[in-house]
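J.: Input structure: query31.pdb, which contains PDB, C-alpha atoms and all ligand atoms.
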ATOM      1  CA  MET A   1       2.258   3.701  50.660
ATOM      2  CA  GLU A   2      -0.235   2.355  48.150
ATOM      3  CA  VAL A   3      -3.844   2.721  49.304
ATOM      4  CA  ALA A   4      -5.281   1.756  45.929
ATOM      5  CA  LYS A   5      -3.794   1.598  42.443
ATOM      6  CA  GLU A   6      -4.506   5.291  41.873
ATOM      7  CA  VAL A   7      -4.203   6.578  45.470
ATOM      8  CA  HIS A   8      -0.953   6.739  47.421
ATOM      9  CA  ALA A   9      -0.050   8.187  50.815
ATOM     10  CA  VAL A  10       3.211   9.974  51.575
ATOM     11  CA  LYS A  11       4.111  10.272  55.260
ATOM     12  CA  ILE A  12       5.891  13.502  56.182
ATOM     13  CA  PRO A  13       7.457  13.918  59.639
ATOM     14  CA  PHE A  14       7.883  17.345  61.229
ATOM     15  CA  LYS A  15       8.549  19.025  64.555
ATOM     16  CA  LEU A  16       6.098  21.352  66.287
ATOM     17  CA  ALA A  17       7.848  23.832  68.592
ATOM     18  CA  VAL A  18       6.144  24.131  71.974
ATOM     19  CA  GLY A  19       8.435  26.584  73.767
ATOM     20  CA  SER A  20      11.559  26.387  75.955
ATOM     21  CA  GLY A  21      13.358  24.801  73.017
ATOM     22  CA  LYS A  22      11.089  21.753  73.196
ATOM     23  CA  THR A  23       9.389  20.160  70.206
ATOM     24  CA  LEU A  24       6.641  17.608  69.636
ATOM     25  CA  GLU A  25       7.314  14.949  66.999
ATOM     26  CA  ARG A  26       4.405  14.941  64.570
ATOM     27  CA  PHE A  27       3.699  13.660  61.090
ATOM     28  CA  VAL A  28       1.181  14.305  58.380
ATOM     29  CA  TYR A  29       0.072  12.392  55.307
ATOM     30  CA  ALA A  30      -0.174  14.003  51.904
ATOM     31  CA  TYR A  31      -2.068  11.999  49.291
ATOM     32  CA  ILE A  32      -1.360  11.583  45.601
ATOM     33  CA  ILE A  33      -4.176  10.648  43.224
ATOM     34  CA  TYR A  34      -2.956   9.312  39.900
ATOM     35  CA  GLY A  35      -5.598  10.019  37.278
ATOM     36  CA  ARG A  36      -5.150  11.295  33.746
ATOM     37  CA  LYS A  37      -3.189  14.032  35.442
ATOM     38  CA  ILE A  38      -2.020  13.965  39.065
ATOM     39  CA  CYS A  39      -3.931  15.570  41.925
ATOM     40  CA  LEU A  40      -2.398  16.196  45.355
ATOM     41  CA  VAL A  41      -4.460  16.339  48.514
ATOM     42  CA  ASP A  42      -2.358  18.639  50.733
ATOM     43  CA  SER A  43       1.320  19.384  50.359
ATOM     44  CA  GLY A  44       2.822  18.624  53.780
ATOM     45  CA  VAL A  45       5.136  21.050  55.554
ATOM     46  CA  SER A  46       7.882  23.153  54.012
ATOM     47  CA  SER A  47      10.261  21.284  51.647
ATOM     48  CA  SER A  48       7.938  18.306  51.108
ATOM     49  CA  PHE A  49       7.913  18.681  47.326
ATOM     50  CA  GLY A  50      11.063  16.537  47.004
ATOM     51  CA  VAL A  51       9.528  13.452  48.595
ATOM     52  CA  ILE A  52       6.292  13.951  46.629
ATOM     53  CA  ALA A  53       8.175  14.389  43.341
ATOM     54  CA  ASP A  54      10.295  11.282  44.084
ATOM     55  CA  HIS A  55       7.121   9.271  44.541
ATOM     56  CA  VAL A  56       5.698  10.537  41.268
ATOM     57  CA  ARG A  57       8.903   9.603  39.415
ATOM     58  CA  GLN A  58       8.940   6.136  41.009
ATOM     59  CA  MET A  59       5.459   5.652  39.578
ATOM     60  CA  GLY A  60       6.904   6.375  36.147
ATOM     61  CA  ARG A  61       5.231   9.768  35.890
ATOM     62  CA  ASP A  62       6.541  13.304  35.576
ATOM     63  CA  PRO A  63       6.048  15.699  38.549
ATOM     64  CA  ARG A  64       4.950  18.284  35.978
ATOM     65  CA  ASP A  65       1.863  16.074  35.475
ATOM     66  CA  ILE A  66       0.647  17.403  38.847
ATOM     67  CA  ASN A  67      -2.036  19.792  37.664
ATOM     68  CA  ARG A  68      -4.018  20.244  40.859
ATOM     69  CA  LEU A  69      -3.312  20.694  44.565
ATOM     70  CA  VAL A  70      -6.352  20.622  46.826
ATOM     71  CA  LEU A  71      -5.652  22.036  50.285
ATOM     72  CA  THR A  72      -7.988  20.598  52.933
ATOM     73  CA  HIS A  73      -7.296  23.642  55.094
ATOM     74  CA  ALA A  74      -4.801  26.384  55.844
ATOM     75  CA  HIS A  75      -2.781  24.813  58.672
ATOM     76  CA  PRO A  76       0.994  24.668  58.132
ATOM     77  CA  ASP A  77       1.293  20.863  57.954
ATOM     78  CA  HIS A  78      -1.163  20.888  55.035
ATOM     79  CA  MET A  79      -0.140  23.962  53.035
ATOM     80  CA  GLY A  80       3.471  24.418  54.168
ATOM     81  CA  GLY A  81       5.023  22.933  51.036
ATOM     82  CA  ALA A  82       2.450  24.311  48.611
ATOM     83  CA  ARG A  83       4.457  27.232  47.287
ATOM     84  CA  THR A  84       7.139  24.995  45.757
ATOM     85  CA  VAL A  85       4.507  22.595  44.371
ATOM     86  CA  GLN A  86       2.821  25.542  42.641
ATOM     87  CA  LYS A  87       6.123  26.952  41.380
ATOM     88  CA  GLU A  88       7.593  23.665  40.106
ATOM     89  CA  THR A  89       4.452  22.262  38.472
ATOM     90  CA  GLY A  90       2.318  25.291  37.629
ATOM     91  CA  CYS A  91      -0.649  23.415  39.112
ATOM     92  CA  GLN A  92      -3.973  24.964  40.090
ATOM     93  CA  VAL A  93      -4.304  25.367  43.849
ATOM     94  CA  ALA A  94      -7.792  24.898  45.276
ATOM     95  CA  ALA A  95      -9.087  25.543  48.813
ATOM     96  CA  HIS A  96     -12.242  26.625  50.581
ATOM     97  CA  ALA A  97     -12.813  30.368  50.469
ATOM     98  CA  LEU A  98     -12.964  30.616  54.287
ATOM     99  CA  ASP A  99      -9.397  29.296  54.725
ATOM    100  CA  LYS A 100      -8.014  31.199  51.742
ATOM    101  CA  PRO A 101      -7.022  34.339  53.705
ATOM    102  CA  TRP A 102      -4.616  32.285  55.864
ATOM    103  CA  ILE A 103      -3.106  30.554  52.808
ATOM    104  CA  GLU A 104      -2.649  33.776  50.885
ATOM    105  CA  ASP A 105      -1.298  35.651  53.917
ATOM    106  CA  VAL A 106       0.771  33.523  56.278
ATOM    107  CA  ASP A 107       1.539  36.590  58.434
ATOM    108  CA  LEU A 108      -2.186  36.969  59.059
ATOM    109  CA  GLN A 109      -2.398  33.278  60.020
ATOM    110  CA  TYR A 110       0.513  33.758  62.424
ATOM    111  CA  ARG A 111      -1.147  36.749  64.061
ATOM    112  CA  GLN A 112      -4.514  35.040  64.417
ATOM    113  CA  ARG A 113      -3.284  31.499  65.237
ATOM    114  CA  PRO A 114       0.243  31.682  66.614
ATOM    115  CA  ILE A 115       2.433  28.611  66.202
ATOM    116  CA  LEU A 116       5.993  29.186  67.419
ATOM    117  CA  ASN A 117       7.768  27.707  64.412
ATOM    118  CA  LEU A 118       5.123  28.520  61.783
ATOM    119  CA  TYR A 119       7.686  30.162  59.524
ATOM    120  CA  SER A 120       9.881  27.059  59.449
ATOM    121  CA  LEU A 121       6.884  24.832  58.652
ATOM    122  CA  VAL A 122       5.571  27.030  55.842
ATOM    123  CA  GLU A 123       7.446  28.127  52.719
ATOM    124  CA  GLY A 124       5.300  31.226  52.433
ATOM    125  CA  SER A 125       2.016  32.650  51.253
ATOM    126  CA  LEU A 126       0.638  31.553  47.894
ATOM    127  CA  LYS A 127      -2.246  32.393  45.626
ATOM    128  CA  VAL A 128      -5.316  30.152  45.682
ATOM    129  CA  ASP A 129      -6.548  29.736  42.090
ATOM    130  CA  GLN A 130      -9.873  28.062  42.773
ATOM    131  CA  ASP A 131     -12.364  28.628  45.600
ATOM    132  CA  LEU A 132     -14.067  25.408  46.658
ATOM    133  CA  ARG A 133     -17.564  25.160  48.071
ATOM    134  CA  ASP A 134     -19.599  22.406  49.641
ATOM    135  CA  GLY A 135     -21.015  20.193  46.900
ATOM    136  CA  ASP A 136     -18.350  21.018  44.293
ATOM    137  CA  THR A 137     -17.104  18.146  42.132
ATOM    138  CA  LEU A 138     -13.638  18.032  40.615
ATOM    139  CA  ASP A 139     -13.227  15.795  37.560
ATOM    140  CA  LEU A 140      -9.801  14.084  37.700
ATOM    141  CA  GLY A 141     -10.293  12.140  34.461
ATOM    142  CA  GLU A 142     -10.165   8.330  34.091
ATOM    143  CA  GLY A 143     -13.626   8.263  35.702
ATOM    144  CA  LEU A 144     -12.365   9.676  39.003
ATOM    145  CA  LEU A 145     -14.423  12.368  40.716
ATOM    146  CA  LEU A 146     -13.487  14.272  43.857
ATOM    147  CA  ARG A 147     -16.438  15.625  45.816
ATOM    148  CA  VAL A 148     -16.034  18.498  48.269
ATOM    149  CA  ILE A 149     -17.707  18.456  51.689
ATOM    150  CA  HIS A 150     -17.345  21.610  53.800
ATOM    151  CA  THR A 151     -16.528  20.390  57.318
ATOM    152  CA  PRO A 152     -15.853  23.446  59.515
ATOM    153  CA  GLY A 153     -14.824  23.110  63.143
ATOM    154  CA  HIS A 154     -11.121  22.268  62.979
ATOM    155  CA  SER A 155     -10.873  25.504  61.001
ATOM    156  CA  LYS A 156     -13.567  27.633  59.361
ATOM    157  CA  GLY A 157     -12.726  26.514  55.851
ATOM    158  CA  SER A 158     -11.794  22.859  56.488
ATOM    159  CA  ILE A 159     -12.985  20.482  53.800
ATOM    160  CA  CYS A 160     -13.139  16.725  53.400
ATOM    161  CA  LEU A 161     -13.049  15.044  50.000
ATOM    162  CA  VAL A 162     -14.693  11.889  48.712
ATOM    163  CA  LEU A 163     -13.080  10.112  45.776
ATOM    164  CA  GLU A 164     -15.593   8.321  43.604
ATOM    165  CA  PRO A 165     -16.163   5.643  42.567
ATOM    166  CA  ASN A 166     -13.641   4.299  45.160
ATOM    167  CA  GLY A 167     -15.587   5.518  48.220
ATOM    168  CA  MET A 168     -12.460   6.980  49.789
ATOM    169  CA  LEU A 169     -12.840   9.790  52.297
ATOM    170  CA  PHE A 170      -9.946  12.191  52.769
ATOM    171  CA  SER A 171     -10.919  13.411  56.218
ATOM    172  CA  ALA A 172      -7.892  15.651  56.915
ATOM    173  CA  ASP A 173      -8.101  16.720  60.596
ATOM    174  CA  ALA A 174     -11.898  16.626  60.913
ATOM    175  CA  ILE A 175     -12.245  13.450  63.012
ATOM    176  CA  PRO A 176     -10.360  13.409  66.331
ATOM    177  CA  MET A 177      -8.955  10.214  67.743
ATOM    178  CA  ARG A 178      -9.255   9.199  71.373
ATOM    179  CA  GLY A 179      -6.291  10.506  73.349
ATOM    180  CA  ALA A 180      -5.326  13.019  70.684
ATOM    181  CA  VAL A 181      -4.339  16.575  71.524
ATOM    182  CA  PRO A 182      -7.473  18.685  70.904
ATOM    183  CA  ILE A 183      -7.025  21.104  68.002
ATOM    184  CA  TYR A 184     -10.123  22.856  66.700
ATOM    185  CA  ASP A 185     -11.827  26.243  66.684
ATOM    186  CA  ASP A 186     -15.461  25.360  67.161
ATOM    187  CA  VAL A 187     -16.537  22.128  68.824
ATOM    188  CA  LEU A 188     -20.202  22.345  67.781
ATOM    189  CA  SER A 189     -19.245  22.829  64.127
ATOM    190  CA  SER A 190     -16.808  19.909  64.392
ATOM    191  CA  ILE A 191     -19.572  17.677  65.746
ATOM    192  CA  ASN A 192     -21.966  18.791  63.039
ATOM    193  CA  SER A 193     -19.318  18.128  60.380
ATOM    194  CA  ILE A 194     -18.752  14.565  61.601
ATOM    195  CA  ARG A 195     -22.498  13.987  61.561
ATOM    196  CA  ARG A 196     -22.538  15.037  57.910
ATOM    197  CA  LEU A 197     -19.694  12.652  57.124
ATOM    198  CA  LYS A 198     -21.494   9.819  58.936
ATOM    199  CA  ALA A 199     -24.552  10.422  56.788
ATOM    200  CA  TRP A 200     -22.523   9.982  53.586
ATOM    201  CA  LYS A 201     -23.311   6.493  52.307
ATOM    202  CA  GLY A 202     -20.912   4.073  50.681
ATOM    203  CA  LEU A 203     -17.600   5.124  52.212
ATOM    204  CA  LYS A 204     -15.096   2.269  52.142
ATOM    205  CA  THR A 205     -11.799   3.812  53.216
ATOM    206  CA  LEU A 206     -10.912   6.578  55.664
ATOM    207  CA  LEU A 207      -7.771   8.549  54.874
ATOM    208  CA  ALA A 208      -7.014  10.936  57.735
ATOM    209  CA  SER A 209      -4.009  13.218  57.697
ATOM    210  CA  TRP A 210      -2.417  11.602  60.729
ATOM    211  CA  ASP A 211      -3.542   7.983  60.672
ATOM    212  CA  GLU A 212      -2.954   4.963  58.495
ATOM    213  CA  PRO A 213      -5.747   4.041  56.051
ATOM    214  CA  ARG A 214      -8.779   2.479  57.736
ATOM    215  CA  HIS A 215     -11.186   0.282  55.852
ATOM    216  CA  GLY A 216     -14.712  -1.122  56.022
ATOM    217  CA  GLU A 217     -16.756  -0.834  59.215
ATOM    218  CA  LYS A 218     -13.912   1.119  60.847
ATOM    219  CA  VAL A 219     -14.702   4.142  58.656
ATOM    220  CA  TYR A 220     -18.000   4.835  60.381
ATOM    221  CA  SER A 221     -17.046   3.500  63.822
ATOM    222  CA  LEU A 222     -14.107   5.945  63.968
ATOM    223  CA  MET A 223     -16.538   8.777  63.250
ATOM    224  CA  GLU A 224     -18.695   7.598  66.146
ATOM    225  CA  GLU A 225     -15.596   7.409  68.362
ATOM    226  CA  GLY A 226     -14.720  10.938  67.290
ATOM    227  CA  LEU A 227     -18.111  12.171  68.479
ATOM    228  CA  LEU A 228     -17.691  10.338  71.808
ATOM    229  CA  HIS A 229     -14.227  11.855  72.160
ATOM    230  CA  PHE A 230     -15.715  15.356  71.871
ATOM    231  CA  GLN A 231     -18.352  14.544  74.494
ATOM    232  CA  GLN A 232     -15.852  12.967  76.920
ATOM    233  CA  LEU A 233     -13.593  15.986  76.651
ATOM    234  CA  HIS A 234     -16.586  18.263  77.128
ATOM    235  CA  ASP A 235     -17.562  16.357  80.300
ATOM    236  CA  LEU A 236     -14.012  16.760  81.559
ATOM    237  CA  VAL A 237     -13.909  20.495  80.767
ATOM    238  CA  ARG A 238     -17.198  21.050  82.612
ATOM    239  CA  ARG A 239     -16.067  19.015  85.617
ATOM    240  CA  ILE A 240     -12.730  20.825  85.952
ATOM    241  CA  LYS A 241     -14.374  24.214  85.444
ATOM    242  CA  ALA A 242     -16.850  23.376  88.225
ATOM    243  CA  GLU A 243     -14.067  22.204  90.549
ATOM    244  CA  SER A 244     -11.943  25.303  90.036
ATOM    245  CA  PRO A 245     -14.117  28.098  88.667
ATOM    246  CA  ASP A 246     -11.557  30.808  89.440
ATOM    247  CA  ALA A 247      -8.508  29.194  87.818
ATOM    248  CA  ASP A 248      -7.061  31.261  84.997
ATOM    249  CA  LEU A 249      -7.228  29.849  81.483
ATOM    250  CA  THR A 250      -3.698  28.420  81.477
ATOM    251  CA  ALA A 251      -4.088  26.724  84.866
ATOM    252  CA  PHE A 252      -7.449  25.356  83.788
ATOM    253  CA  ALA A 253      -6.026  24.012  80.493
ATOM    254  CA  SER A 254      -3.114  22.468  82.375
ATOM    255  CA  ARG A 255      -5.543  20.549  84.609
ATOM    256  CA  VAL A 256      -7.503  19.320  81.604
ATOM    257  CA  LEU A 257      -4.316  18.052  79.929
ATOM    258  CA  ASN A 258      -3.345  16.274  83.155
ATOM    259  CA  ALA A 259      -6.727  14.608  83.364
ATOM    260  CA  MET A 260      -6.349  13.535  79.715
ATOM    261  CA  ASN A 261      -2.911  12.066  80.470
ATOM    262  CA  LEU A 262      -1.413  14.441  77.930
ATOM    263  CA  PRO A 263       2.016  16.026  78.543
ATOM    264  CA  GLN A 264       2.234  19.634  79.691
ATOM    265  CA  THR A 265       4.274  20.346  76.561
ATOM    266  CA  ALA A 266       0.884  20.344  74.796
ATOM    267  CA  LEU A 267      -0.070  23.471  76.746
ATOM    268  CA  ILE A 268       0.218  25.684  73.668
ATOM    269  CA  PRO A 269      -2.105  28.403  72.324
ATOM    270  CA  ILE A 270      -3.768  26.204  69.660
ATOM    271  CA  VAL A 271      -4.712  23.621  72.314
ATOM    272  CA  ILE A 272      -5.897  26.223  74.825
ATOM    273  CA  ARG A 273      -7.992  27.689  71.996
ATOM    274  CA  SER A 274      -9.718  24.283  71.565
ATOM    275  CA  LEU A 275     -10.539  24.061  75.266
ATOM    276  CA  GLU A 276     -11.940  27.593  75.130
ATOM    277  CA  ALA A 277     -14.295  26.321  72.418
ATOM    278  CA  HIS A 278     -15.735  23.923  75.026
ATOM    279  CA  LEU A 279     -15.965  26.659  77.662
ATOM    280  CA  ARG A 280     -18.033  28.799  75.290
ATOM    281  CA  VAL A 281     -20.714  26.100  75.299
ATOM    282  CA  ALA A 282     -20.152  24.879  78.874
ATOM    283  CA  ASP A 283     -23.798  25.537  79.718
ATOM    284  CA  ARG A 284     -24.682  22.590  77.488
ATOM    285  CA  GLU A 285     -24.312  19.184  79.070
ATOM    286  CA  ASN A 286     -24.695  16.949  76.053
ATOM    287  CA  LEU A 287     -23.195  18.075  72.754
ATOM    288  CA  ILE A 288     -23.845  14.964  70.695
ATOM    289  CA  ALA A 289     -27.385  13.941  71.656
TER     290      ALA A 289
HETATM  291 ZN    ZN B   1      -5.145  21.155  60.886
END
Please lay out the structure from this file as structure tokens.
Ligand SMILES: [Zn+2]
T.:
Amino acid sequence: MEVAKEVHAVKIPFKLAVGSGKTLERFVYAYIIYGRKICLVDSGVSSSFGVIADHVRQMGRDPRDINRLVLTHAHPDHMGGARTVQKETGCQVAAHALDKPWIEDVDLQYRQRPILNLYSLVEGSLKVDQDLRDGDTLDLGEGLLLRVIHTPGHSKGSICLVLEPNGMLFSADAIPMRGAVPIYDDVLSSINSIRRLKAWKGLKTLLASWDEPRHGEKVYSLMEEGLLHFQQLHDLVRRIKAESPDADLTAFASRVLNAMNLPQTALIPIVIRSLEAHLRVADRENLIA
């Protein structure tokens, strides 16, 4: 999908195993930026290089022109296909230092953040060539600059990227959408990260990893909605905790999912972990004031 002449989105479907042989149908966008060379923002899940390389060839370019892969974070739907991209193109792989340990050691990621089918979503560990920090600028040539914003919360080393001069924000998984399954480590950091994004002037297009491109006013209103989503979920967590203070974590999480009209198949460790993030700050009534 063409977002702009030099920016294209590739939609990659995948299945997330949730136990008892059940799976959730998910998808993720990887983005291709065509500058003097080609820069990828995320690599999708395992075996995504083929669809990315096909796109590059359809644009009349050579996949070996991919000289940079920026990973927004270490989760499998973002770095799963990275090993083949690195092997086939010899590109530099860049990521934030705080997510690097999970990229360079998938076994460690599995131990610390278990996802049932992690090993089918990820090709394997790979070396990160460049550590990114908040405020870094990557020069893509042809006047294109990619600015790095550290946006922890979804994971410790999550980053967002702004492409200039286009005013495009690659927001990865930083901004939740109403009704979405909650997936983050630290709700206060997530809120703070969205505030930082909101303060960034001149954004014209929002490119999330799991949403179609959004333009104009929508860019900032979706950030505001994201903040409200966090607060609404926090209200719900506090209410359910107050109603059933002795429920164990799984029973509590199950009630929250019910109240959110989400299926019980979403009762998986990475979702429970997000609700725990709310419980840790349950003494606070208002998180976004
Ligand atoms: Zn993620």
J.: The PyMOL selection byres (((chain A and resi 100) around 10) and not hetatm) on the file shown: which residues, as a list in words?
T.: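 Matching residues under the PyMOL selection byres (((chain A and resi 100) around 10) and not hetatm) are Leu71, His73, Ala74, Ala94, Ala95, His96, Ala97, Leu98, Asp99, Pro101, Trp102, Ile103, Glu104, Asp105, Leu126, Lys127, Val128, Asp129, Gln130, Asp131, Leu132 and Gly157 of chain A.
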J.: For range 27-34 of chain A, find every residue with an atom within 6 Å (counting all atoms listed in the file), except residues of its own chain fewer than 5 positions away, and show them as number ranges by chain.
T.: A: 6-14, 39-44, 209-210
J.: For ligand ZN 1 (chain B), collect every residue having any atom at a distance of at most 9 Å from a ligand atom (counting all atoms listed in the file); output as a VMD selection string.
T.: chain A and resid 72 to 78 154 to 155 158 172 to 174 183 to 184 209
J.: Go through A:Gly141, A:Arg195, A:Leu206, A:Tyr119 and flag the residue nearest Ser171 in chain A, using only C-alpha atoms for the distances.
T.: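 Closest candidate: A:Leu206.
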J.: Set the distance at 12 Å and use only C-alpha atoms: which residues neighbour Ala251 in chain A once local chain neighbours fewer than 4 positions away are removed? I'd like the list as JSON, numbers by chain.
T.: {"A": [240, 241, 244, 245, 246, 247, 255, 256, 257, 258, 264, 267, 272, 275]}
J.: From the options A:Leu116, A:Ala242, A:Val162, A:Ala289, which residue's atoms come nearest to Lys15 in chain A, counting all atoms listed in the file?
T.: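 Smallest distance to Lys15 in chain A is found for A:Leu116.
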J.: Quick one: of A:Asn286, A:Ser190, A:Gln109, A:Gln92, who's nearest to Gln232 in chain A, counting only C-alpha atoms?
T.: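 With only C-alpha atoms as the atom set, the closest residue is A:Asn286.
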J.: May I have the residues within 7 Å of Gly81 in chain A as a list in words, using all atoms listed in the file and disregarding those fewer than 6 positions away in the same chain?
T.: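 In the requested form, the answer reads Ser43, Gly44, Val45, Ser46, Ser47, Ser48, Phe49, Val122 and Glu123 of chain A.
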J.: Please return as a PyMOL selection string every residue within 10 Å of (-1.1, 29.5, 65.9), taking into account all atoms listed in the file and the file's own coordinates.
T.: chain A and resi 75-76+109-118+268-271+273
J.: Within 9 Å of Pro63 in chain A, counting only C-alpha atoms, which residues qualify if same-chain residues fewer than 5 places away don't, as a list of chain:residue names?
T.: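 Non-adjacent residues within range: A:Ile38, A:Ile52, A:Ala53, A:Asp54, A:His55, A:Val56, A:Arg57, A:Glu88, A:Thr89.
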J.: Check the smallest atom-to-atom distance from each of A:Met177, A:Leu108, A:Leu169, A:Leu121 to Leu222 in chain A using all atoms listed in the file, then report the winner.
T.: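 Checking each candidate against Leu222 in chain A, we get A:Met177 as the closest.
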J.: Suppose a student applies the PyMOL selection byres (((chain A and resi 203) around 10) and not hetatm) to this structure; what residues should they get, written as a PDB file with C-alpha atoms, in the frame of the given file?
T.:
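Output (part-v6.pdb):
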ATOM      1  CA  VAL A 162     -14.693  11.889  48.712  1.00  0.00           C
ATOM      2  CA  LEU A 163     -13.080  10.112  45.776  1.00  0.00           C
ATOM      3  CA  GLU A 164     -15.593   8.321  43.604  1.00  0.00           C
ATOM      4  CA  PRO A 165     -16.163   5.643  42.567  1.00  0.00           C
ATOM      5  CA  ASN A 166     -13.641   4.299  45.160  1.00  0.00           C
ATOM      6  CA  GLY A 167     -15.587   5.518  48.220  1.00  0.00           C
ATOM      7  CA  MET A 168     -12.460   6.980  49.789  1.00  0.00           C
ATOM      8  CA  LEU A 169     -12.840   9.790  52.297  1.00  0.00           C
ATOM      9  CA  LEU A 197     -19.694  12.652  57.124  1.00  0.00           C
ATOM     10  CA  LYS A 198     -21.494   9.819  58.936  1.00  0.00           C
ATOM     11  CA  ALA A 199     -24.552  10.422  56.788  1.00  0.00           C
ATOM     12  CA  TRP A 200     -22.523   9.982  53.586  1.00  0.00           C
ATOM     13  CA  LYS A 201     -23.311   6.493  52.307  1.00  0.00           C
ATOM     14  CA  GLY A 202     -20.912   4.073  50.681  1.00  0.00           C
ATOM     15  CA  LYS A 204     -15.096   2.269  52.142  1.00  0.00           C
ATOM     16  CA  THR A 205     -11.799   3.812  53.216  1.00  0.00           C
ATOM     17  CA  LEU A 206     -10.912   6.578  55.664  1.00  0.00           C
ATOM     18  CA  HIS A 215     -11.186   0.282  55.852  1.00  0.00           C
ATOM     19  CA  GLY A 216     -14.712  -1.122  56.022  1.00  0.00           C
ATOM     20  CA  GLU A 217     -16.756  -0.834  59.215  1.00  0.00           C
ATOM     21  CA  VAL A 219     -14.702   4.142  58.656  1.00  0.00           C
ATOM     22  CA  TYR A 220     -18.000   4.835  60.381  1.00  0.00           C
TER      23      TYR A 220
END
J.: Hey, could you patch up range 134-150 of chain A with N, CA and C atoms and hand it over as a PDB file, in the coordinates of the input?
T.:
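Writing the result to part16.pdb gives the following:
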ATOM      1  N   ASP A 134     -18.908  23.664  49.356  1.00  0.00           N
ATOM      2  CA  ASP A 134     -19.599  22.406  49.641  1.00  0.00           C
ATOM      3  C   ASP A 134     -20.401  21.978  48.411  1.00  0.00           C
ATOM      4  N   GLY A 135     -20.254  20.703  48.037  1.00  0.00           N
ATOM      5  CA  GLY A 135     -21.015  20.193  46.900  1.00  0.00           C
ATOM      6  C   GLY A 135     -20.283  20.270  45.570  1.00  0.00           C
ATOM      7  N   ASP A 136     -19.119  20.959  45.542  1.00  0.00           N
ATOM      8  CA  ASP A 136     -18.350  21.018  44.293  1.00  0.00           C
ATOM      9  C   ASP A 136     -17.829  19.627  43.927  1.00  0.00           C
ATOM     10  N   THR A 137     -17.676  19.402  42.622  1.00  0.00           N
ATOM     11  CA  THR A 137     -17.104  18.146  42.132  1.00  0.00           C
ATOM     12  C   THR A 137     -15.934  18.470  41.216  1.00  0.00           C
ATOM     13  N   LEU A 138     -14.800  17.837  41.477  1.00  0.00           N
ATOM     14  CA  LEU A 138     -13.638  18.032  40.615  1.00  0.00           C
ATOM     15  C   LEU A 138     -13.462  16.773  39.779  1.00  0.00           C
ATOM     16  N   ASP A 139     -13.383  16.934  38.462  1.00  0.00           N
ATOM     17  CA  ASP A 139     -13.227  15.795  37.560  1.00  0.00           C
ATOM     18  C   ASP A 139     -11.731  15.549  37.344  1.00  0.00           C
ATOM     19  N   LEU A 140     -11.238  14.378  37.808  1.00  0.00           N
ATOM     20  CA  LEU A 140      -9.801  14.084  37.700  1.00  0.00           C
ATOM     21  C   LEU A 140      -9.494  13.249  36.461  1.00  0.00           C
ATOM     22  N   GLY A 141     -10.497  12.984  35.633  1.00  0.00           N
ATOM     23  CA  GLY A 141     -10.293  12.140  34.461  1.00  0.00           C
ATOM     24  C   GLY A 141     -10.263  10.671  34.841  1.00  0.00           C
ATOM     25  N   GLU A 142     -10.193   9.783  33.845  1.00  0.00           N
ATOM     26  CA  GLU A 142     -10.165   8.330  34.091  1.00  0.00           C
ATOM     27  C   GLU A 142     -11.341   7.891  34.961  1.00  0.00           C
ATOM     28  N   GLY A 143     -12.436   8.634  34.929  1.00  0.00           N
ATOM     29  CA  GLY A 143     -13.626   8.263  35.702  1.00  0.00           C
ATOM     30  C   GLY A 143     -13.559   8.620  37.176  1.00  0.00           C
ATOM     31  N   LEU A 144     -12.514   9.326  37.581  1.00  0.00           N
ATOM     32  CA  LEU A 144     -12.365   9.676  39.003  1.00  0.00           C
ATOM     33  C   LEU A 144     -12.961  11.057  39.284  1.00  0.00           C
ATOM     34  N   LEU A 145     -13.814  11.102  40.302  1.00  0.00           N
ATOM     35  CA  LEU A 145     -14.423  12.368  40.716  1.00  0.00           C
ATOM     36  C   LEU A 145     -14.080  12.629  42.172  1.00  0.00           C
ATOM     37  N   LEU A 146     -13.788  13.878  42.481  1.00  0.00           N
ATOM     38  CA  LEU A 146     -13.487  14.272  43.857  1.00  0.00           C
ATOM     39  C   LEU A 146     -14.581  15.222  44.312  1.00  0.00           C
ATOM     40  N   ARG A 147     -15.331  14.799  45.331  1.00  0.00           N
ATOM     41  CA  ARG A 147     -16.438  15.625  45.816  1.00  0.00           C
ATOM     42  C   ARG A 147     -16.025  16.372  47.090  1.00  0.00           C
ATOM     43  N   VAL A 148     -16.440  17.616  47.165  1.00  0.00           N
ATOM     44  CA  VAL A 148     -16.034  18.498  48.269  1.00  0.00           C
ATOM     45  C   VAL A 148     -17.139  18.555  49.321  1.00  0.00           C
ATOM     46  N   ILE A 149     -16.768  18.299  50.572  1.00  0.00           N
ATOM     47  CA  ILE A 149     -17.707  18.456  51.689  1.00  0.00           C
ATOM     48  C   ILE A 149     -17.109  19.506  52.639  1.00  0.00           C
ATOM     49  N   HIS A 150     -17.832  20.588  52.862  1.00  0.00           N
ATOM     50  CA  HIS A 150     -17.345  21.610  53.800  1.00  0.00           C
ATOM     51  C   HIS A 150     -17.548  21.083  55.215  1.00  0.00           C
TER      52      HIS A 150
END
